[in-house]
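Chemist: Data file protein27.txt (compact mmCIF, C-alpha atoms and all ligand atoms) is appended below.
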# COMPACT_ATOMS: atom_id res chain seq x y z
CA MET A 200 -18.81 2.85 -15.77
CA LEU A 201 -15.57 1.34 -17.17
CA LEU A 202 -12.16 2.69 -16.12
CA LEU A 203 -8.66 1.82 -17.24
CA GLY A 204 -6.19 2.18 -14.35
CA ILE A 205 -2.40 2.49 -14.63
CA GLU A 206 0.09 1.95 -11.79
CA THR A 207 3.83 2.69 -12.15
CA THR A 208 4.90 4.41 -8.91
CA CYS A 209 7.38 1.77 -7.74
CA ASP A 210 8.49 -1.60 -9.11
CA GLU A 211 5.22 -2.99 -10.46
CA THR A 212 4.00 -2.10 -13.93
CA SER A 213 0.26 -2.66 -13.88
CA ALA A 214 -2.89 -1.90 -15.88
CA ALA A 215 -6.44 -2.95 -15.12
CA VAL A 216 -10.01 -2.48 -16.24
CA VAL A 217 -12.57 -2.10 -13.49
CA GLU A 218 -16.32 -1.66 -13.75
CA ARG A 219 -18.40 0.34 -11.28
CA ALA A 220 -22.15 -0.26 -11.23
CA GLY A 221 -24.68 2.50 -10.52
CA ASN A 222 -25.19 1.08 -7.01
CA GLY A 223 -21.49 1.57 -6.24
CA SER A 224 -20.41 -2.06 -6.50
CA GLY A 225 -17.20 -2.92 -8.35
CA THR A 226 -16.00 -5.71 -10.65
CA ILE A 227 -12.41 -6.32 -11.76
CA ARG A 228 -12.52 -7.12 -15.49
CA SER A 229 -8.73 -7.50 -15.71
CA ASN A 230 -5.69 -6.74 -13.54
CA ILE A 231 -2.32 -7.34 -15.21
CA VAL A 232 0.66 -6.90 -12.87
CA LEU A 233 4.21 -7.24 -14.15
CA SER A 234 6.70 -7.21 -11.30
CA GLN A 235 10.24 -5.97 -11.88
CA LEU A 236 11.54 -7.97 -8.88
CA ASP A 237 14.08 -9.91 -10.91
CA GLU A 238 15.62 -6.72 -12.28
CA HIS A 239 16.03 -5.12 -8.82
CA ARG A 240 16.95 -8.24 -6.79
CA PRO A 241 20.71 -8.10 -7.52
CA PHE A 242 20.76 -4.60 -5.94
CA GLY A 243 18.78 -5.60 -2.83
CA GLY A 244 16.19 -2.85 -3.41
CA VAL A 245 14.40 -0.81 -6.07
CA VAL A 246 16.74 1.17 -8.34
CA PRO A 247 14.74 4.20 -9.58
CA GLU A 248 16.46 4.47 -12.98
CA ILE A 249 16.00 0.77 -13.74
CA ALA A 250 12.36 1.01 -12.63
CA ALA A 251 11.57 3.97 -14.92
CA ARG A 252 13.17 2.28 -17.96
CA ALA A 253 11.37 -0.99 -17.28
CA HIS A 254 8.00 0.81 -17.07
CA VAL A 255 8.64 2.47 -20.45
CA GLN A 256 9.53 -0.88 -22.02
CA VAL A 257 6.51 -2.86 -20.89
CA LEU A 258 3.63 -0.47 -20.14
CA ASP A 259 2.10 -0.44 -23.66
CA GLU A 260 2.01 -4.25 -23.72
CA VAL A 261 0.60 -4.44 -20.17
CA ILE A 262 -2.22 -2.03 -21.13
CA LYS A 263 -2.94 -4.00 -24.31
CA LYS A 264 -3.18 -7.22 -22.28
CA ALA A 265 -5.48 -5.60 -19.71
CA MET A 266 -7.84 -4.38 -22.45
CA GLU A 267 -7.82 -7.78 -24.22
CA LYS A 268 -8.40 -9.76 -21.03
CA ALA A 269 -11.30 -7.46 -20.13
CA GLY A 270 -12.70 -7.85 -23.66
CA VAL A 271 -13.08 -4.08 -23.88
CA GLU A 272 -12.45 -1.67 -26.79
CA PHE A 273 -10.79 1.66 -25.90
CA SER A 274 -13.94 3.40 -27.17
CA ALA A 275 -15.98 1.67 -24.42
CA LEU A 276 -13.95 3.25 -21.60
CA ASP A 277 -15.52 6.06 -19.58
CA GLY A 278 -12.19 7.36 -18.33
CA VAL A 279 -8.50 6.71 -17.72
CA ALA A 280 -6.89 6.81 -14.27
CA ALA A 281 -3.22 6.75 -13.34
CA SER A 282 -1.25 7.11 -10.12
CA ALA A 283 0.16 10.67 -10.24
CA GLY A 284 2.27 10.12 -7.10
CA PRO A 285 3.65 9.73 -4.53
CA GLY A 286 6.44 7.49 -5.78
CA LEU A 287 9.61 7.27 -7.81
CA ILE A 288 9.19 10.22 -10.14
CA GLY A 289 10.55 8.54 -13.31
CA GLY A 290 7.97 5.78 -13.08
CA VAL A 291 5.15 8.15 -12.13
CA ILE A 292 5.89 10.26 -15.24
CA VAL A 293 5.70 7.16 -17.46
CA GLY A 294 2.28 6.08 -16.17
CA LEU A 295 0.70 9.52 -15.96
CA THR A 296 1.93 10.63 -19.39
CA THR A 297 0.61 7.42 -20.96
CA ALA A 298 -2.77 7.98 -19.29
CA LYS A 299 -2.82 11.57 -20.54
CA ALA A 300 -2.11 10.41 -24.11
CA ILE A 301 -4.92 7.84 -24.00
CA SER A 302 -7.32 10.36 -22.44
CA PHE A 303 -6.44 12.98 -25.09
CA ALA A 304 -6.76 10.54 -27.99
CA LEU A 305 -10.09 9.13 -26.78
CA GLU A 306 -11.45 12.46 -25.56
CA LYS A 307 -12.32 10.69 -22.30
CA PRO A 308 -11.75 12.11 -18.81
CA LEU A 309 -8.40 11.77 -17.02
CA VAL A 310 -8.37 11.01 -13.31
CA ALA A 311 -5.05 11.59 -11.50
CA ILE A 312 -4.94 9.35 -8.46
CA ASN A 313 -2.95 9.64 -5.27
CA HIS A 314 -1.40 6.16 -4.92
CA LEU A 315 -2.22 6.16 -1.19
CA GLU A 316 -5.86 6.99 -1.97
CA ALA A 317 -5.94 3.97 -4.28
CA HIS A 318 -4.79 1.75 -1.38
CA ALA A 319 -7.32 3.50 0.88
CA LEU A 320 -10.34 2.86 -1.36
CA THR A 321 -9.56 -0.74 -2.46
CA ALA A 322 -11.67 -2.11 0.39
CA ARG A 323 -14.79 -0.59 -1.26
CA LEU A 324 -14.00 -2.40 -4.52
CA ILE A 325 -14.28 -5.81 -2.92
CA HIS A 326 -16.74 -5.07 -0.14
CA LYS A 327 -19.88 -3.08 0.45
CA LEU A 328 -18.36 -0.65 2.90
CA ASP A 329 -19.73 2.74 3.91
CA PHE A 330 -17.67 5.71 5.05
CA PRO A 331 -16.24 6.55 7.52
CA TYR A 332 -13.60 3.94 8.36
CA LEU A 333 -10.21 3.74 10.02
CA LEU A 334 -7.47 2.80 7.55
CA LEU A 335 -4.17 1.24 8.57
CA LEU A 336 -1.94 1.73 5.53
CA VAL A 337 1.22 -0.33 5.79
CA SER A 338 3.51 -0.53 2.78
CA GLY A 339 7.17 -0.24 1.84
CA GLY A 340 7.07 3.54 1.71
CA HIS A 341 4.23 4.41 4.09
CA THR A 342 2.88 3.61 7.53
CA GLN A 343 -0.17 5.67 8.39
CA LEU A 344 -3.43 5.59 10.29
CA VAL A 345 -6.03 7.54 8.33
CA PHE A 346 -9.66 8.41 9.02
CA VAL A 347 -11.42 8.01 5.68
CA GLU A 348 -14.64 10.06 5.63
CA ALA A 349 -15.41 10.27 1.91
CA VAL A 350 -13.69 10.10 -1.47
CA GLY A 351 -11.09 12.88 -1.17
CA ALA A 352 -11.64 13.42 2.58
CA TYR A 353 -8.78 11.82 4.49
CA THR A 354 -7.41 12.79 7.89
CA ARG A 355 -4.03 11.39 8.84
CA ILE A 356 -4.15 10.69 12.56
CA GLY A 357 -0.91 8.76 12.90
CA THR A 358 2.26 8.22 10.95
CA THR A 359 5.76 6.80 11.34
CA ARG A 360 8.49 8.97 12.77
CA ASP A 361 11.21 7.06 10.93
CA ASP A 362 10.95 3.85 8.90
CA ALA A 363 7.82 2.44 7.27
CA ILE A 364 6.84 -1.05 8.45
CA GLY A 365 7.52 -2.62 5.04
CA GLU A 366 10.90 -0.90 5.06
CA ALA A 367 11.62 -2.39 8.51
CA PHE A 368 10.77 -5.87 7.13
CA ASP A 369 13.03 -5.23 4.12
CA LYS A 370 15.95 -3.95 6.24
CA THR A 371 15.64 -6.83 8.71
CA ALA A 372 15.71 -9.30 5.82
CA LYS A 373 18.81 -7.67 4.36
CA LEU A 374 20.57 -7.73 7.73
CA LEU A 375 19.83 -11.45 8.10
CA GLY A 376 20.94 -12.25 4.55
CA LEU A 377 17.42 -13.00 3.30
CA PRO A 378 16.36 -12.18 -0.27
CA TYR A 379 14.56 -9.06 -1.45
CA PRO A 380 11.70 -8.20 -1.00
CA GLY A 381 12.09 -8.76 2.70
CA GLY A 382 8.48 -8.97 3.88
CA PRO A 383 7.56 -12.32 2.34
CA ALA A 384 11.05 -13.72 3.13
CA VAL A 385 10.83 -12.76 6.83
CA GLU A 386 7.29 -14.17 7.02
CA ARG A 387 8.43 -17.48 5.49
CA CYS A 388 11.41 -17.80 7.89
CA ALA A 389 9.30 -16.85 10.90
CA LEU A 390 7.14 -19.95 10.34
CA ASP A 391 9.97 -22.11 11.76
CA GLY A 392 10.97 -19.66 14.49
CA ASP A 393 10.28 -19.02 18.16
CA PRO A 394 8.64 -15.58 18.55
CA LYS A 395 9.54 -15.50 22.26
CA ARG A 396 13.27 -16.27 22.03
CA PHE A 397 14.39 -12.64 21.71
CA SER A 398 12.74 -9.94 23.78
CA LEU A 399 12.70 -7.05 21.35
CA PRO A 400 11.40 -3.54 22.12
CA ARG A 401 7.85 -2.53 21.18
CA PRO A 402 8.40 1.16 20.39
CA MET A 403 5.58 3.63 21.13
CA ILE A 404 3.37 1.07 22.89
CA GLY A 405 1.13 2.76 25.45
CA ARG A 406 1.63 6.25 24.04
CA PRO A 407 -1.63 8.15 23.40
CA GLU A 408 -0.58 9.66 20.06
CA PRO A 409 -1.11 6.96 17.39
CA ASP A 410 2.32 7.23 15.78
CA PHE A 411 4.90 4.57 14.94
CA SER A 412 8.67 4.41 15.35
CA LEU A 413 10.52 1.44 13.93
CA SER A 414 14.20 2.36 13.90
CA GLY A 415 14.84 1.21 17.50
CA LEU A 416 13.44 -2.21 16.67
CA LYS A 417 15.68 -2.46 13.64
CA THR A 418 18.74 -1.60 15.78
CA ALA A 419 17.70 -4.13 18.44
CA ILE A 420 17.57 -6.89 15.80
CA ARG A 421 21.05 -5.95 14.62
CA LEU A 422 22.44 -6.02 18.19
CA GLU A 423 20.82 -9.39 18.95
CA ALA A 424 22.22 -10.83 15.71
CA GLU A 425 25.70 -9.49 16.52
CA LYS A 426 25.56 -10.94 20.05
CA ILE A 427 25.01 -14.50 18.80
CA ALA A 428 27.13 -14.32 15.61
CA PRO A 429 27.74 -16.41 13.60
CA ILE A 430 23.99 -16.95 13.23
CA SER A 431 22.50 -20.31 12.30
CA ARG A 432 19.35 -20.97 10.23
CA GLN A 433 17.42 -21.48 13.47
CA ASP A 434 18.74 -18.17 14.87
CA ILE A 435 17.50 -16.41 11.72
CA ALA A 436 14.10 -18.07 12.01
CA ASP A 437 13.85 -17.07 15.71
CA LEU A 438 14.93 -13.49 14.96
CA CYS A 439 12.32 -13.25 12.15
CA ALA A 440 9.58 -14.67 14.36
CA SER A 441 10.51 -12.35 17.26
CA PHE A 442 10.62 -9.33 14.92
CA GLN A 443 7.23 -10.17 13.40
CA ALA A 444 5.73 -10.63 16.87
CA ALA A 445 7.06 -7.23 17.99
CA ILE A 446 5.70 -5.47 14.87
CA THR A 447 2.33 -7.15 15.31
CA ASP A 448 2.09 -6.07 18.97
CA VAL A 449 2.97 -2.51 17.95
CA ILE A 450 0.32 -2.47 15.19
CA VAL A 451 -2.43 -3.70 17.53
CA ASP A 452 -1.55 -1.10 20.16
CA ARG A 453 -1.33 1.75 17.63
CA VAL A 454 -4.70 0.87 16.07
CA GLN A 455 -6.24 0.93 19.54
CA ALA A 456 -4.63 4.31 20.21
CA ALA A 457 -6.07 5.61 16.92
CA LEU A 458 -9.57 4.41 17.85
CA GLN A 459 -9.28 6.10 21.25
CA ASN A 460 -8.06 9.26 19.56
CA LEU A 461 -11.09 9.20 17.22
CA GLY A 462 -13.41 8.50 20.15
CA HIS A 463 -12.15 11.63 21.94
CA SER A 464 -13.14 13.73 18.93
CA GLY A 465 -16.57 12.07 18.68
CA LYS A 466 -15.81 10.14 15.51
CA THR A 467 -17.00 6.57 15.07
CA PRO A 468 -15.61 4.45 12.25
CA ASN A 469 -17.85 1.77 10.69
CA ALA A 470 -14.92 -0.57 10.19
CA ILE A 471 -11.17 -1.05 10.29
CA VAL A 472 -9.45 -1.47 6.92
CA VAL A 473 -5.88 -2.67 6.44
CA ALA A 474 -4.14 -1.98 3.12
CA GLY A 475 -0.69 -1.85 1.52
CA GLY A 476 1.87 -4.58 0.84
CA VAL A 477 2.44 -5.51 4.51
CA ALA A 478 -1.27 -6.39 4.81
CA ALA A 479 -0.34 -9.56 2.90
CA ASN A 480 1.32 -10.84 6.11
CA ARG A 481 -0.66 -13.74 7.66
CA THR A 482 0.32 -13.10 11.28
CA ILE A 483 -0.66 -9.43 11.00
CA ARG A 484 -3.93 -10.34 9.23
CA ASN A 485 -4.87 -12.97 11.84
CA THR A 486 -4.02 -10.73 14.78
CA MET A 487 -6.01 -7.84 13.31
CA GLU A 488 -8.97 -10.23 12.93
CA GLU A 489 -8.78 -11.12 16.63
CA LEU A 490 -8.59 -7.45 17.55
CA ALA A 491 -11.59 -6.55 15.37
CA ILE A 492 -13.66 -9.35 16.91
CA SER A 493 -12.80 -8.16 20.42
CA LEU A 494 -13.76 -4.59 19.45
CA ARG A 495 -16.93 -5.77 17.63
CA LEU A 496 -15.87 -3.79 14.57
CA PRO A 497 -15.97 -5.19 11.04
CA LEU A 498 -12.49 -5.67 9.54
CA VAL A 499 -11.79 -5.50 5.81
CA ILE A 500 -8.43 -6.63 4.44
CA PRO A 501 -8.32 -6.98 0.66
CA PRO A 502 -6.83 -10.21 -0.72
CA ALA A 503 -3.01 -10.14 -0.87
CA GLU A 504 -2.88 -9.45 -4.63
CA LEU A 505 -4.94 -6.28 -4.10
CA CYS A 506 -2.84 -5.21 -1.08
CA THR A 507 0.41 -4.99 -3.04
CA ASP A 508 0.59 -2.42 -5.84
CA ASN A 509 -1.80 -3.09 -8.73
CA GLY A 510 -3.73 -1.29 -11.45
CA ALA A 511 -7.19 -2.39 -10.24
CA MET A 512 -6.93 -0.20 -7.13
CA VAL A 513 -6.05 2.79 -9.32
CA ALA A 514 -8.89 2.09 -11.78
CA TRP A 515 -11.30 1.75 -8.86
CA ALA A 516 -10.18 5.02 -7.24
CA GLY A 517 -10.65 6.56 -10.71
CA ALA A 518 -14.19 5.20 -10.88
CA GLU A 519 -15.02 6.47 -7.39
CA ARG A 520 -13.77 9.94 -8.39
CA LEU A 521 -15.39 9.95 -11.84
CA ALA A 522 -18.75 9.05 -10.26
CA LEU A 523 -18.42 12.34 -8.34
CA ASP A 524 -17.24 14.29 -11.42
CA MET A 525 -13.79 14.67 -9.84
CA THR A 526 -11.66 14.65 -13.00
CA ASP A 527 -8.32 16.34 -13.75
CA PRO A 528 -6.92 18.54 -16.52
CA LEU A 529 -4.24 17.23 -18.89
CA ASP A 530 -1.59 19.53 -17.40
CA ILE A 531 -1.80 17.96 -13.95
CA LYS A 532 1.68 17.31 -12.57
CA PRO A 533 3.28 14.06 -11.40
CA ARG A 534 4.47 14.23 -7.79
CA ALA A 535 7.25 12.39 -5.96
CA ARG A 536 5.80 13.48 -2.60
CA TRP A 537 2.06 13.82 -2.08
CA PRO A 538 0.64 13.42 1.44
CA LEU A 539 -2.90 12.06 1.34
CA ASP A 540 -4.50 14.86 3.31
CA ILE A 541 -3.33 17.97 1.49
CA GLY A 542 -5.72 18.02 -1.46
CA PRO A 543 -5.37 17.54 -5.21
CA ALA A 544 -2.19 17.52 -7.29
CA PRO A 545 -1.12 20.88 -8.68
CA VAL A 546 -1.74 21.74 -12.32
CA GLY A 547 0.18 23.76 -14.91
CA ASN A 548 2.96 25.89 -13.46
CA SER A 549 1.71 25.99 -9.88
CA ALA A 550 4.08 24.62 -7.23
O1 LIG B 1 2.25 -1.57 -1.18
P1 LIG B 1 3.51 -2.18 -1.69
O2 LIG B 1 3.41 -3.28 -2.73
O3 LIG B 1 4.46 -1.09 -2.31
C1 LIG B 1 4.58 0.19 -1.76
O4 LIG B 1 3.77 1.07 -2.13
O5 LIG B 1 5.50 0.32 -0.89
O6 LIG B 1 4.33 -2.72 -0.41
C2 LIG B 1 5.58 -3.34 -0.52
C3 LIG B 1 6.10 -3.65 0.89
C4 LIG B 1 7.53 -4.16 0.92
O7 LIG B 1 8.25 -3.48 1.93
C5 LIG B 1 7.37 -5.63 1.26
O8 LIG B 1 8.48 -6.19 1.96
C6 LIG B 1 6.12 -5.61 2.12
O9 LIG B 1 5.28 -4.65 1.50
N1 LIG B 1 5.47 -6.92 2.14
C7 LIG B 1 5.31 -7.66 3.26
C8 LIG B 1 4.73 -8.88 2.85
N2 LIG B 1 4.51 -8.83 1.49
C9 LIG B 1 4.97 -7.61 1.09
N3 LIG B 1 5.64 -7.40 4.54
C10 LIG B 1 5.38 -8.37 5.45
N4 LIG B 1 4.83 -9.57 5.14
C11 LIG B 1 4.49 -9.88 3.86
N5 LIG B 1 3.95 -11.05 3.55
ZN ZN B 2 1.70 0.91 -2.62
Go ahead and render the structure in this file as structure tokens.

Modeler:
Amino acid sequence: MLLLGIETTCDETSAAVVERAGNGSGTIRSNIVLSQLDEHRPFGGVVPEIAARAHVQVLDEVIKKAMEKAGVEFSALDGVAASAGPGLIGGVIVGLTTAKAISFALEKPLVAINHLEAHALTARLIHKLDFPYLLLLVSGGHTQLVFVEAVGAYTRIGTTRDDAIGEAFDKTAKLLGLPYPGGPAVERCALDGDPKRFSLPRPMIGRPEPDFSLSGLKTAIRLEAEKIAPISRQDIADLCASFQAAITDVIVDRVQAALQNLGHSGKTPNAIVVAGGVAANRTIRNTMEELAISLRLPLVIPPAELCTDNGAMVAWAGAERLALDMTDPLDIKPRARWPLDIGPAPVGNSA
């Protein structure tokens, strides 16, 4: 089964062709990702209007490249998948409408994907992994712990009460004068820093409900930076390292709380999966590996290029759905907000 996948929910324009074999294994035939970073960098964050225009300008070419690299004719596709939300609505409309046009012209099924579901299922593209599993989804817009029981069956057991973890990395970077996007910049600076120099709070640690709260940590960083102003390069490195250490401690504790929570309701995950842009962070990856070993649970973290937004994850989620005949009508709506556990996107004139 060959799927074209289109991703345009934020600042990456991406198209990919992914193959799913009858036994459920996946192969990436192409995965073209065009980042708009340079266009947004002067503004220190993603500007929705610029993002939508950039998607319109490059998407056709990105799709063409993905098809060429895969060596696939449009007629060989079994379906077309696109992220239908959640995300910046202008971009979502561009990707979904393009997918609808291709689906209509080819008379091949359309699969409208929840972007979070695409992150959630990526682990099964690169790994033989059976349901159920515990997913830690950590990106710029989302921080969630989700129990993944089947394609389309997701239970959110924890979420953030304020900022997403990626957002906290981005805001910390901005505060310290580091470039956008903040995550990779903070990680780079932290390499030269002392993670113990500043004793930052670890919000929510020890609480039984597996939720996150990051705004207190962000404020603490600001106060520490103000206390020692003007800050030197070494101060910035130490602040980055201390911030990363605090976030990592929080993540480990919250994952343990989620596992306990699942245990109380008699649910046993086969593995822990980490996904989303923040999963590219080495310290977080290494610490999660240590935790998984101590818990004797397999850990799956996709390679960094499949953790950040990409078309292959959307194509793969499309293949997983198509294999179960879960396709969508051409009047399915794009959605700016779309929690993972509330069911399919609305169609036609429904709300
Ligand atoms: O999943 P993603 O590409 O886009 C969203 O759907 O949000 O995640 C982007 C987020 C940004 O906040 C970025 O700063 C963060 O992931 N990020 C990282 C790293 N690489 C990207 N955070 C920490 N360490 C990294 N190495
Ligand atoms: Zn994402």

Chemist: As an exercise, work out the distance from atom CA of Val279 of chain A to atom CA of Thr208 of chain A in Å and give it to one decimal place.

Modeler: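 Separation of atom CA of Val279 of chain A and atom CA of Thr208 of chain A: 16.2 Å.
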
Chemist: Quick one: contact table of chain A to ligand LIG 1 (chain B), 6 Å max, nearest atom pair and distance in Å to one decimal per residue, counting all atoms listed in the file, chain and number order, as JSON lines?

Modeler:
{"residue": "A:Ser338", "atom": "CA", "partner": "B:LIG1", "partner_atom": "O6", "distance": 4.0}
{"residue": "A:Gly339", "atom": "CA", "partner": "B:LIG1", "partner_atom": "O5", "distance": 3.2}
{"residue": "A:Gly340", "atom": "CA", "partner": "B:LIG1", "partner_atom": "O5", "distance": 4.4}
{"residue": "A:Gly365", "atom": "CA", "partner": "B:LIG1", "partner_atom": "O7", "distance": 3.3}
{"residue": "A:Glu366", "atom": "CA", "partner": "B:LIG1", "partner_atom": "O7", "distance": 4.8}
{"residue": "A:Phe368", "atom": "CA", "partner": "B:LIG1", "partner_atom": "O8", "distance": 5.7}
{"residue": "A:Asp369", "atom": "CA", "partner": "B:LIG1", "partner_atom": "O8", "distance": 5.1}
{"residue": "A:Pro380", "atom": "CA", "partner": "B:LIG1", "partner_atom": "O8", "distance": 4.8}
{"residue": "A:Gly381", "atom": "CA", "partner": "B:LIG1", "partner_atom": "O8", "distance": 4.5}
{"residue": "A:Gly382", "atom": "CA", "partner": "B:LIG1", "partner_atom": "N3", "distance": 3.3}
{"residue": "A:Pro383", "atom": "CA", "partner": "B:LIG1", "partner_atom": "N5", "distance": 4.0}
{"residue": "A:Glu386", "atom": "CA", "partner": "B:LIG1", "partner_atom": "N4", "distance": 5.5}
{"residue": "A:Gly475", "atom": "CA", "partner": "B:LIG1", "partner_atom": "O1", "distance": 4.0}
{"residue": "A:Gly476", "atom": "CA", "partner": "B:LIG1", "partner_atom": "O6", "distance": 3.3}
{"residue": "A:Val477", "atom": "CA", "partner": "B:LIG1", "partner_atom": "N3", "distance": 3.7}
{"residue": "A:Ala479", "atom": "CA", "partner": "B:LIG1", "partner_atom": "N5", "distance": 4.6}
{"residue": "A:Asn480", "atom": "CA", "partner": "B:LIG1", "partner_atom": "N5", "distance": 3.7}
{"residue": "A:Thr507", "atom": "CA", "partner": "B:LIG1", "partner_atom": "O2", "distance": 3.5}
{"residue": "A:Asp508", "atom": "CA", "partner": "B:LIG1", "partner_atom": "O2", "distance": 4.3}

Chemist: Go ahead and dump the residues you just picked, C-alpha atoms, as a PDB file, in the frame of the given file.

Modeler:
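Output saved as result.pdb:
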ATOM      1  CA  SER A 338       3.510  -0.530   2.780  1.00  0.00           C
ATOM      2  CA  GLY A 339       7.170  -0.240   1.840  1.00  0.00           C
ATOM      3  CA  GLY A 340       7.070   3.540   1.710  1.00  0.00           C
ATOM      4  CA  GLY A 365       7.520  -2.620   5.040  1.00  0.00           C
ATOM      5  CA  GLU A 366      10.900  -0.900   5.060  1.00  0.00           C
ATOM      6  CA  PHE A 368      10.770  -5.870   7.130  1.00  0.00           C
ATOM      7  CA  ASP A 369      13.030  -5.230   4.120  1.00  0.00           C
ATOM      8  CA  PRO A 380      11.700  -8.200  -1.000  1.00  0.00           C
ATOM      9  CA  GLY A 381      12.090  -8.760   2.700  1.00  0.00           C
ATOM     10  CA  GLY A 382       8.480  -8.970   3.880  1.00  0.00           C
ATOM     11  CA  PRO A 383       7.560 -12.320   2.340  1.00  0.00           C
ATOM     12  CA  GLU A 386       7.290 -14.170   7.020  1.00  0.00           C
ATOM     13  CA  GLY A 475      -0.690  -1.850   1.520  1.00  0.00           C
ATOM     14  CA  GLY A 476       1.870  -4.580   0.840  1.00  0.00           C
ATOM     15  CA  VAL A 477       2.440  -5.510   4.510  1.00  0.00           C
ATOM     16  CA  ALA A 479      -0.340  -9.560   2.900  1.00  0.00           C
ATOM     17  CA  ASN A 480       1.320 -10.840   6.110  1.00  0.00           C
ATOM     18  CA  THR A 507       0.410  -4.990  -3.040  1.00  0.00           C
ATOM     19  CA  ASP A 508       0.590  -2.420  -5.840  1.00  0.00           C
TER      20      ASP A 508
END

Chemist: For Asp524 of chain A, which residue among A:Arg484, A:Thr321, A:Val350, A:Ala511 is the nearest when counting all atoms listed in the file?

Modeler: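 The shortest atom-to-atom distance to Asp524 of chain A comes from A:Val350.
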
Chemist: For a quick check of understanding, using only C-alpha atoms, which of A:Ala275, A:Ala503, A:Ile446, A:Ala436 has the smallest distance to Ala367 of chain A?

Modeler: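 Among the listed residues, A:Ile446 lies closest to Ala367 of chain A.
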
Chemist: With all atoms listed in the file as the basis for distance, which of A:Ile325, A:Thr207, A:Tyr379, A:Phe330 is at the shortest distance from Val291 of chain A?

Modeler: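 Smallest separation from Val291 of chain A among the options: A:Thr207.
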
Chemist: When distances are computed from only C-alpha atoms, which of A:Leu539, A:Ala522, A:Leu295, A:Val451 shows the smallest separation from Glu218 of chain A?

Modeler: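 Of A:Leu539, A:Ala522, A:Leu295, A:Val451, the one nearest Glu218 of chain A, counting only C-alpha atoms, is A:Ala522.
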
Chemist: Let me make sure I understand: among A:Ala470, A:Val385, A:Leu336, A:Leu375, which one has the smallest atom-to-atom distance to Ala363 of chain A if we use all atoms listed in the file?

Modeler: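 Of A:Ala470, A:Val385, A:Leu336, A:Leu375, the one nearest Ala363 of chain A, counting all atoms listed in the file, is A:Leu336.
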
Chemist: Give me the residues near Asp393 of chain A as a ChimeraX atom specification, where near means some atom within 8 Å (using all atoms listed in the file) and where sequence neighbours in that chain fewer than 2 positions away do not count.

Modeler: /A:389,391,395-396,436-438,440-441

Chemist: Closest to Gly223 of chain A among A:Val271, A:Ala265, A:Leu344, A:Arg323, using all atoms listed in the file?

Modeler: A:Arg323

Chemist: Report as JSON lines the residues of segment 324-439 of chain A within 12 Å of segment 490-499 of chain A, each with its shortest atom pair and distance in Å (one decimal), using all atoms listed in the file, ordered by chain and increasing residue number.

Modeler:
{"residue": "A:Leu324", "atom": "CA", "partner": "A:Val499", "partner_atom": "CA", "distance": 11.0}
{"residue": "A:Ile325", "atom": "CA", "partner": "A:Val499", "partner_atom": "CA", "distance": 9.1}
{"residue": "A:His326", "atom": "CA", "partner": "A:Val499", "partner_atom": "CA", "distance": 7.8}
{"residue": "A:Lys327", "atom": "CA", "partner": "A:Val499", "partner_atom": "CA", "distance": 10.0}
{"residue": "A:Leu328", "atom": "CA", "partner": "A:Val499", "partner_atom": "CA", "distance": 8.7}
{"residue": "A:Asp329", "atom": "CA", "partner": "A:Pro497", "partner_atom": "CA", "distance": 11.3}
{"residue": "A:Tyr332", "atom": "CA", "partner": "A:Leu498", "partner_atom": "CA", "distance": 9.7}
{"residue": "A:Leu333", "atom": "CA", "partner": "A:Leu498", "partner_atom": "CA", "distance": 9.7}
{"residue": "A:Leu334", "atom": "CA", "partner": "A:Val499", "partner_atom": "CA", "distance": 9.5}
{"residue": "A:Leu335", "atom": "CA", "partner": "A:Val499", "partner_atom": "CA", "distance": 10.5}

Chemist: To one decimal place, how far is atom CA of Met200 of chain A from atom CA of Glu504 of chain A in Å?

Modeler: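 Answer for the atom CA of Met200 of chain A to atom CA of Glu504 of chain A separation: 23.0 Å.
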
Chemist: List the spatial neighbours of Leu413 of chain A as a list in words - criterion: any atom at most 8 Å away, all atoms listed in the file, same-chain residues fewer than 4 positions off excluded.

Modeler: Thr359, Arg360, Asp361, Asp362, Ala363, Ile364, Ala367, Pro402 and Lys417 of chain A

Chemist: For a test of reading the model, state the distance in Å between atom CA of Ser302 of chain A and atom CA of Val261 of chain A, rounded to one decimal.

Modeler: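 Separation between atom CA of Ser302 of chain A and atom CA of Val261 of chain A: 16.9 Å.
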
Chemist: Taking 6 positions as the minimum chain separation for residues in the same chain, which residues sit within 12 Å of Glu519 of chain A when counting all atoms listed in the file? Answer as a PyMOL selection string.

Modeler: chain A and resi 200-202+217-225+278+280+310-312+316-317+319-321+323-324+349-351+512-513+525-526

Chemist: Applying 8 Å and only C-alpha atoms, which residues near Ile262 of chain A remain after dropping the ones on its own chain fewer than 6 positions away? List them as a list in words.

Modeler: Ile205, Ser213, Ala214, Ala215 and Ile231 of chain A

Chemist: Let's have the selection written as a JSON list (two decimals), in the frame of the given file, with C-alpha atoms.

Modeler:
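The result, stored in selection.json:
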[["chain", "number", "residue", "atom", "x", "y", "z"],
["A", 205, "ILE", "CA", -2.40, 2.49, -14.63],
["A", 213, "SER", "CA", 0.26, -2.66, -13.88],
["A", 214, "ALA", "CA", -2.89, -1.90, -15.88],
["A", 215, "ALA", "CA", -6.44, -2.95, -15.12],
["A", 231, "ILE", "CA", -2.32, -7.34, -15.21]]
